[in-house]
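Peer 1: Have a look at this one before I ask anything.
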Amino acid sequence: MVLDRDRFDKVLNRTGYLEETDEWYIDSSFAVKGILVKYRDSQYKKKVRLIIHPGLIFDSAEQDPDRFVRKPDKRIGRYFGDKYRLNDFDLSGMALTVDMDVGSRENAAAYLKVIQRIGRVKGFSP
């Protein structure tokens, strides 16, 4: 989400403890609940980025796709005092991970080599 200076300052000043890195302020107060909030106070764009960890929000037996949207939306609303919701943010990336049993260490190395080769093929990406 990109905000103007006044709205960004209101959101940033409302938060508690922030870790400061080179470009970002990080609020990990909701990390236990599966949401990490990052603030970027750039000269040109004031950004708020959410990193949502579905494994911490849902249990592995969760099957309802509507709940996959409702639950993070509710937590984001609670974090921002119901001023911002999930729909106020633009999806800029998605990373999916899977634990796979490939049998042995050698099989894991061979699998990673295949993934690297796919990255070199035109039209495919790992």
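Every chain in the structure tokens takes a letter, A first, then B, and so on in the order presented; its residues are numbered from 1, and the ligands are numbered from 1 following the presented order.
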Hey, what does DSSP flag as helix (DSSP H, G or I) within stretch 30-60 of chain A? Can you give it to me as a CSV table (one decimal) with N, CA and C atoms, in the first residue's frame?

Peer 2:
```csv
chain,number,residue,atom,x,y,z
A,31,ALA,N,3.7,-10.9,14.3
A,31,ALA,CA,4.4,-12.0,13.6
A,31,ALA,C,3.9,-13.4,14.2
A,32,VAL,N,3.6,-13.4,15.5
A,32,VAL,CA,3.1,-14.7,16.1
A,32,VAL,C,1.8,-15.1,15.5
A,33,LYS,N,1.0,-14.1,15.0
A,33,LYS,CA,-0.3,-14.3,14.4
A,33,LYS,C,-0.2,-14.5,12.9
A,54,PRO,N,0.8,-18.0,5.9
A,54,PRO,CA,-0.4,-18.8,6.1
A,54,PRO,C,-0.3,-19.9,7.1
A,55,GLY,N,0.9,-20.5,7.2
A,55,GLY,CA,1.1,-21.6,8.1
A,55,GLY,C,0.9,-21.2,9.6
A,56,LEU,N,1.1,-19.9,9.9
A,56,LEU,CA,0.9,-19.4,11.3
A,56,LEU,C,-0.6,-19.0,11.5
A,57,ILE,N,-1.3,-18.7,10.4
A,57,ILE,CA,-2.7,-18.3,10.5
A,57,ILE,C,-3.6,-19.4,10.5
```

Peer 1: Against stretch 5-25 of chain A, which residues of stretch 29-105 of chain A fall within 9 Å? For each one I want the closest pair of atoms and the distance in Å (one decimal), counting only C-alpha atoms, rows by chain and increasing residue number, as a tab-separated table.

Peer 2:
```
residue	atom	partner	partner_atom	distance
A:Ser29	CA	A:Tyr17	CA	8.1
A:Val37	CA	A:Tyr25	CA	8.4
A:Lys38	CA	A:Tyr25	CA	5.6
A:Tyr39	CA	A:Tyr25	CA	4.9
A:Arg40	CA	A:Trp24	CA	4.7
A:Asp41	CA	A:Trp24	CA	7.2
A:Ser42	CA	A:Glu23	CA	7.7
A:Lys45	CA	A:Arg5	CA	8.6
A:Lys46	CA	A:Phe8	CA	6.4
A:Lys47	CA	A:Phe8	CA	7.8
A:Val48	CA	A:Phe8	CA	8.2
A:Phe80	CA	A:Val11	CA	7.6
```

Peer 1: Could you write out the selected residues, including all heavy atoms, as a JSON list (two decimals), in the first residue's frame?

Peer 2:
```
[["chain", "number", "residue", "atom", "x", "y", "z"],
["A", 29, "SER", "N", 5.10, -7.24, 15.94],
["A", 29, "SER", "CA", 4.18, -7.52, 17.04],
["A", 29, "SER", "C", 3.08, -8.51, 16.65],
["A", 29, "SER", "O", 2.56, -9.21, 17.50],
["A", 29, "SER", "CB", 3.55, -6.22, 17.55],
["A", 29, "SER", "OG", 2.81, -5.59, 16.53],
["A", 37, "VAL", "N", 4.63, -6.61, 9.46],
["A", 37, "VAL", "CA", 4.34, -5.33, 8.82],
["A", 37, "VAL", "C", 5.65, -4.57, 8.65],
["A", 37, "VAL", "O", 6.41, -4.41, 9.60],
["A", 37, "VAL", "CB", 3.34, -4.50, 9.67],
["A", 37, "VAL", "CG1", 2.96, -3.22, 8.95],
["A", 37, "VAL", "CG2", 2.10, -5.31, 9.99],
["A", 38, "LYS", "N", 5.88, -4.09, 7.42],
["A", 38, "LYS", "CA", 7.09, -3.33, 7.11],
["A", 38, "LYS", "C", 6.69, -1.96, 6.59],
["A", 38, "LYS", "O", 5.79, -1.85, 5.77],
["A", 38, "LYS", "CB", 7.93, -4.06, 6.06],
["A", 38, "LYS", "CG", 8.46, -5.40, 6.54],
["A", 38, "LYS", "CD", 9.09, -6.19, 5.42],
["A", 38, "LYS", "CE", 10.41, -5.62, 5.02],
["A", 38, "LYS", "NZ", 11.11, -6.44, 4.01],
["A", 39, "TYR", "N", 7.38, -0.93, 7.06],
["A", 39, "TYR", "CA", 7.11, 0.44, 6.63],
["A", 39, "TYR", "C", 8.35, 0.96, 5.93],
["A", 39, "TYR", "O", 9.46, 0.81, 6.43],
["A", 39, "TYR", "CB", 6.83, 1.34, 7.84],
["A", 39, "TYR", "CG", 5.63, 0.92, 8.64],
["A", 39, "TYR", "CD1", 5.74, 0.07, 9.73],
["A", 39, "TYR", "CD2", 4.36, 1.39, 8.31],
["A", 39, "TYR", "CE1", 4.64, -0.31, 10.46],
["A", 39, "TYR", "CE2", 3.26, 1.03, 9.04],
["A", 39, "TYR", "CZ", 3.40, 0.18, 10.12],
["A", 39, "TYR", "OH", 2.30, -0.19, 10.84],
["A", 40, "ARG", "N", 8.16, 1.60, 4.79],
["A", 40, "ARG", "CA", 9.28, 2.21, 4.07],
["A", 40, "ARG", "C", 9.01, 3.70, 3.94],
["A", 40, "ARG", "O", 8.11, 4.12, 3.24],
["A", 40, "ARG", "CB", 9.45, 1.60, 2.70],
["A", 40, "ARG", "CG", 10.67, 2.17, 2.00],
["A", 40, "ARG", "CD", 11.01, 1.41, 0.78],
["A", 40, "ARG", "NE", 12.26, 1.93, 0.25],
["A", 40, "ARG", "CZ", 12.71, 1.65, -0.93],
["A", 40, "ARG", "NH1", 12.05, 0.83, -1.71],
["A", 40, "ARG", "NH2", 13.84, 2.16, -1.34],
["A", 41, "ASP", "N", 9.84, 4.48, 4.60],
["A", 41, "ASP", "CA", 9.69, 5.94, 4.58],
["A", 41, "ASP", "C", 10.69, 6.52, 3.59],
["A", 41, "ASP", "O", 11.70, 7.10, 3.95],
["A", 41, "ASP", "CB", 9.93, 6.50, 5.98],
["A", 41, "ASP", "CG", 9.56, 7.97, 6.09],
["A", 41, "ASP", "OD1", 9.03, 8.52, 5.11],
["A", 41, "ASP", "OD2", 9.80, 8.56, 7.15],
["A", 42, "SER", "N", 10.40, 6.34, 2.30],
["A", 42, "SER", "CA", 11.25, 6.83, 1.24],
["A", 42, "SER", "C", 10.89, 8.28, 0.91],
["A", 42, "SER", "O", 9.79, 8.73, 1.20],
["A", 42, "SER", "CB", 11.07, 5.95, 0.00],
["A", 42, "SER", "OG", 11.59, 6.57, -1.13],
["A", 45, "LYS", "N", 8.15, 7.53, -2.14],
["A", 45, "LYS", "CA", 6.95, 6.74, -1.86],
["A", 45, "LYS", "C", 6.98, 6.26, -0.41],
["A", 45, "LYS", "O", 7.99, 5.78, 0.08],
["A", 45, "LYS", "CB", 6.88, 5.52, -2.77],
["A", 45, "LYS", "CG", 6.48, 5.83, -4.17],
["A", 45, "LYS", "CD", 6.22, 4.55, -4.93],
["A", 45, "LYS", "CE", 5.80, 4.85, -6.34],
["A", 45, "LYS", "NZ", 5.57, 3.63, -7.10],
["A", 46, "LYS", "N", 5.85, 6.40, 0.23],
["A", 46, "LYS", "CA", 5.67, 5.90, 1.60],
["A", 46, "LYS", "C", 4.89, 4.60, 1.49],
["A", 46, "LYS", "O", 3.74, 4.60, 1.09],
["A", 46, "LYS", "CB", 4.89, 6.90, 2.46],
["A", 46, "LYS", "CG", 5.35, 8.34, 2.35],
["A", 46, "LYS", "CD", 6.76, 8.52, 2.78],
["A", 46, "LYS", "CE", 7.16, 9.98, 2.68],
["A", 46, "LYS", "NZ", 8.57, 10.17, 2.71],
["A", 47, "LYS", "N", 5.52, 3.48, 1.79],
["A", 47, "LYS", "CA", 4.91, 2.18, 1.58],
["A", 47, "LYS", "C", 4.69, 1.44, 2.88],
["A", 47, "LYS", "O", 5.48, 1.55, 3.82],
["A", 47, "LYS", "CB", 5.80, 1.31, 0.70],
["A", 47, "LYS", "CG", 5.91, 1.75, -0.72],
["A", 47, "LYS", "CD", 6.74, 0.77, -1.50],
["A", 47, "LYS", "CE", 6.88, 1.20, -2.94],
["A", 47, "LYS", "NZ", 7.65, 0.22, -3.71],
["A", 48, "VAL", "N", 3.62, 0.67, 2.90],
["A", 48, "VAL", "CA", 3.36, -0.28, 3.97],
["A", 48, "VAL", "C", 3.25, -1.64, 3.30],
["A", 48, "VAL", "O", 2.46, -1.82, 2.37],
["A", 48, "VAL", "CB", 2.06, 0.05, 4.74],
["A", 48, "VAL", "CG1", 1.83, -0.97, 5.83],
["A", 48, "VAL", "CG2", 2.11, 1.45, 5.30],
["A", 80, "PHE", "N", -4.63, -2.34, 12.22],
["A", 80, "PHE", "CA", -4.73, -0.94, 11.81],
["A", 80, "PHE", "C", -5.94, -0.22, 12.41],
["A", 80, "PHE", "O", -6.30, 0.86, 11.94],
["A", 80, "PHE", "CB", -4.80, -0.84, 10.28],
["A", 80, "PHE", "CG", -3.50, -1.16, 9.60],
["A", 80, "PHE", "CD1", -3.34, -2.35, 8.91],
["A", 80, "PHE", "CD2", -2.42, -0.29, 9.66],
["A", 80, "PHE", "CE1", -2.14, -2.65, 8.28],
["A", 80, "PHE", "CE2", -1.23, -0.58, 9.04],
["A", 80, "PHE", "CZ", -1.09, -1.77, 8.35]]
```

Peer 1: Mind dumping a table of every stretch 4-55 of chain A residue within 10 Å of stretch 92-101 of chain A, with the nearest atom pair and its distance in Å to one decimal, using only C-alpha atoms, sorted by chain and rising number, as a tab-separated table?

Peer 2:
```
residue	atom	partner	partner_atom	distance
A:Arg49	CA	A:Ser92	CA	9.3
A:Ile51	CA	A:Met94	CA	9.4
A:Ile52	CA	A:Met94	CA	9.6
A:His53	CA	A:Ala95	CA	9.9
A:Pro54	CA	A:Leu96	CA	9.8
```

Peer 1: Rounded to one decimal, what separation in Å do you get between atom CA of A:Leu50 and atom CA of A:Gln116?

Peer 2: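 Calculated distance between atom CA of A:Leu50 and atom CA of A:Gln116 is 29.0 Å.
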
Peer 1: I'd like to know which residues of stretch 43-98 of chain A are strand (DSSP E) (by DSSP, run on the backbone); could you write them as a list in words?

Peer 2: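 Filtering stretch 43-98 of chain A to strand (DSSP E) leaves Lys46, Lys47, Val48, Arg49, Leu50, Ile51 and Ile52 of chain A.
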
Peer 1: Please determine, counting only C-alpha atoms, which residue among A:Arg67, A:Arg85, A:Ala109, A:Asp90 has the shortest atom-to-atom distance to A:Val2.

Peer 2: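 When distances to A:Val2 are compared using only C-alpha atoms, the smallest one comes from A:Asp90.
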
Peer 1: So the first atom is atom CA of A:Phe58 and the second is atom CA of A:Ser28; what is the distance between them in Å, to one decimal place?

Peer 2: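 These atoms are spaced 18.3 Å apart.
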
Peer 1: Can you measure atom CA of A:Phe89 to atom CA of A:Met1 for me? One decimal in Å is fine.

Peer 2: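 Going from atom CA of A:Phe89 over to atom CA of A:Met1 covers 4.8 Å.
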